[in-house]
Amino acid sequence: MAYFSRKELSEVQPDLERMISHTLGTSNPSIMQIVHTSLYNGYDRRKISEKLSTIIDSKMSTRLAEKIEKWTQEYQSSQKHRKRHHEEDSGKDRDSKKGRMTDNTQAVSQAPPVKLTSDRIKEMMLNAQREIEERKRALKSSGVETPVPIIPASSVASAGAPLTAMATTVEDLERAQKIANLQAQIRAKLAGSLSKIITPDSERPKPLILDSEGRTVDKSGREVNIPTLAPTLKANIRAKKREVFNKAQLTDKQSEENQETKFFDDRINLKAAVRTKRSLRFHEPGKFQQMAEKMRMKKQLEKLQNEISQIARKTGISSATKLALIAPKQDNYSDDVPHMEWWDSVILSNDLNTMKDGMISIRESAITNLIEHPTQMKPPSEPLKPVYMPVFLTKKERKKLRRQNRREAWKEEQEKIRLGLTAPPEPKLRISNLMRVLGTEAVQDPTKIESHVREQMAKRQKAHEEANAARKLTTEQKREKKIRKIKEDTSLGVHVTVYRVRDLHDNLSKKFKVETNAKQLHMSGVIVLFRDCCVVVIEGGPKQQKKFKRLMMNRIKWEEDMVKNADGNEVPNSCALVWEGTSQRRHFGEIKFKNFPMEKMAREFFGKHLVEHYWDLAYSGAVLEASEDK
């Protein structure tokens, strides 16, 4: 396919748009762009179809590519035909021009040769000027002003023909008229430019006159204000506009601030709109020396405190101080004797000081001959129902009891059969007693009898399995039974055990064992983590406590791990039983870990659950243990 130039594409664009809209039913700029690119690069039909298939379907792209190829071929053939006609027309014009030139040359060549001398040339010039003057007069009389054509002498000399014959031809007149028109246009343009350059006297700048004071005045002596020249550079204009805009913004901000600051708070410092420059601030002489002295004094104080604490640990003063802080504060009861005890207030009128006939005033109505007994209350740990001592039988006694129960059930069943209440059961046939039970029937058809016996055996086996399956517990029932066995009744009292572990922070395996066993035994409690004193509080029944105690004291090998004490020395880890007893109710929920950085926070946590004495016991033991390590 031929290549199209940009000019040709712009010429044929309407035709291409018409063809695309006729083929596709719509005009798309993307499709038009692809067609332009393809014609400019000279793509063939297949390449144009591939380009168009990215936007429209392949069928329509193939159809449009074929139409473009057909249109391109027609356009190229029409362009060739037009070019051939143009070449023929230009050839004819050249032939006609050549014919005229040959006629002129023939006319010139047929003219008789004339010998040109200086006198002859002067005469020719005079004749030509005379004829030009006559032509000018004729043109002036007709109202057309034609400039005089200037004909150089060299052209006259080279022509070799009289000037009169050349000037009288029609072509020379046309050429002269064209020259005259051009000269008139040039004069008009020059006159317009000169009129712009030459300004009248009224528009000329006035002379600069200065008075004795140096002011600019006019001829009459009045002061003249000379306007300043505004900058014409774009940068200067933009800078001036920016300056005006900034000033307007500042005025707007100031007006807004004035409106907003009608109601203001004196305590708030308003920042200035423009940032002030910070001045240099120098340190006072000796400032850093004072700071160094403070740092030295602090280091010496820390060293002295460490020495004092080490001496206190050796002497046991620190442990005693801690124990004194741990000891719970007891209420200060007054030693004053009351005027009247509570048991006397029932029979006394007012108090012991109230006298009647020299004796203490007593209410006679409160004293009778009846004896008042206190209300009998059951202790909280006593069960509501009486608990009997269970009777344990020997193996021989259990067998005898079972045999008697089975015999009673058999006698009852036989009595029902004898009375006709129930049908007698079928004989229990087995392969071993087949001949003895059936006798002659087994001999007559042994195969039939054997199949019948086997059916009875299968039926009995099936009934046995169904009975076992009916008695079997489901998965949920098994889980409940297992939990019921583990859990214990704590309505009458909860058994509580408190353990103290030296360090339980980083030992993940032992933490997992403690937590998992407590959850598996369905016990409640808490594990408090504190430096040098980790407290484990466990609540549950007696059997649960027995199993968990065996875990904490025997199964877990605490001595395998080495931990650091308060002095930074490595010592073996340990676990100690602090206290075990009973409580009226549970104080904690599901077992959880609690980490406290301060001793006060740990005691407050136990105080929220009303068992701060657990912490006091455990922490005092930890303090004594730390003093023994030293």
# chains A, B, ... in the order shown; residues from 1 in each chain; ligands from 1

$ residues_around --residues "His36 of chain A" --least-positions-apart "5" --cutoff "10 Å" --atoms "only C-alpha atoms" --output "list in words"
Phe4, Ser5, Arg6, Leu9, Ser10, Gln13, Leu16, Ser30, Ile31, Asn41 and Gly42 of chain A

$ select_by_dssp --residues "segment 429-554 of chain A" --states "strand (DSSP E or B)" --output "compact mmCIF listing (two decimals) with N, CA and C atoms, in the first residue's frame"
# COMPACT_ATOMS: atom_id res chain seq x y z
N VAL A 494 -15.01 -24.44 100.92
CA VAL A 494 -14.02 -24.52 99.83
C VAL A 494 -12.65 -24.70 100.44
N HIS A 495 -11.91 -25.67 99.94
CA HIS A 495 -10.54 -25.89 100.40
C HIS A 495 -9.60 -24.99 99.59
N VAL A 496 -8.77 -24.25 100.29
CA VAL A 496 -7.87 -23.28 99.67
C VAL A 496 -6.43 -23.64 100.02
N THR A 497 -5.55 -23.54 99.02
CA THR A 497 -4.12 -23.78 99.22
C THR A 497 -3.35 -22.64 98.59
N VAL A 498 -2.34 -22.11 99.31
CA VAL A 498 -1.51 -20.99 98.83
C VAL A 498 -0.08 -21.50 98.72
N TYR A 499 0.52 -21.37 97.51
CA TYR A 499 1.91 -21.78 97.26
C TYR A 499 2.72 -20.53 96.93
N ARG A 500 4.02 -20.59 97.28
CA ARG A 500 4.95 -19.52 96.92
C ARG A 500 6.08 -20.11 96.10
N VAL A 501 6.29 -19.55 94.88
CA VAL A 501 7.36 -19.98 93.97
C VAL A 501 8.33 -18.82 93.85
N SER A 524 -10.52 -23.21 90.72
CA SER A 524 -10.45 -21.76 90.54
C SER A 524 -9.24 -21.23 91.30
N GLY A 525 -8.87 -19.99 90.99
CA GLY A 525 -7.73 -19.39 91.68
C GLY A 525 -7.05 -18.33 90.84
N VAL A 526 -5.82 -17.98 91.23
CA VAL A 526 -5.05 -16.95 90.54
C VAL A 526 -3.57 -17.24 90.73
N ILE A 527 -2.77 -16.79 89.71
CA ILE A 527 -1.30 -16.92 89.78
C ILE A 527 -0.74 -15.51 89.64
N VAL A 528 -0.17 -14.97 90.72
CA VAL A 528 0.37 -13.61 90.75
C VAL A 528 1.88 -13.68 90.56
N LEU A 529 2.38 -12.95 89.53
CA LEU A 529 3.81 -12.92 89.22
C LEU A 529 4.41 -11.63 89.76
N CYS A 534 6.35 -15.34 93.58
CA CYS A 534 5.20 -15.65 92.74
C CYS A 534 4.22 -16.48 93.58
N VAL A 535 2.98 -16.00 93.70
CA VAL A 535 1.99 -16.62 94.58
C VAL A 535 0.96 -17.35 93.73
N VAL A 536 0.70 -18.64 94.09
CA VAL A 536 -0.30 -19.47 93.41
C VAL A 536 -1.39 -19.79 94.44
N VAL A 537 -2.60 -19.29 94.20
CA VAL A 537 -3.75 -19.54 95.07
C VAL A 537 -4.71 -20.45 94.32
N ILE A 538 -5.04 -21.63 94.91
CA ILE A 538 -5.89 -22.63 94.27
C ILE A 538 -7.07 -22.93 95.20
N GLU A 539 -8.30 -22.94 94.61
CA GLU A 539 -9.53 -23.24 95.35
C GLU A 539 -10.23 -24.44 94.73
N GLY A 540 -10.70 -25.36 95.57
CA GLY A 540 -11.39 -26.54 95.08
C GLY A 540 -11.77 -27.47 96.23

$ closest_residue --among "A:Ile20, A:Ile486, A:Met598, A:Cys533" --to "Gln545 of chain A" --atoms "only C-alpha atoms"
A:Ile486

$ residues_around --residues "Arg603 of chain A" --least-positions-apart "5" --cutoff "8 Å" --atoms "only C-alpha atoms" --output "VMD selection string"
chain A and resid 612 615 to 616

$ atom_distance --atom1 "atom CA of Lys428 of chain A" --atom2 "atom CA of Arg398 of chain A"
28.2 Å

$ atom_distance --atom1 "atom CA of Phe605 of chain A" --atom2 "atom CA of Phe593 of chain A"
12.3 Å

$ select_by_dssp --residues "segment 362-520 of chain A" --states "helix (DSSP H, G or I)" --output "number ranges by chain"
A: 364-366, 395-418, 434-438, 440-444, 446-471, 475-486, 508-520

$ atom_distance --atom1 "atom CA of Gly541 of chain A" --atom2 "atom CA of Gln477 of chain A"
22.4 Å
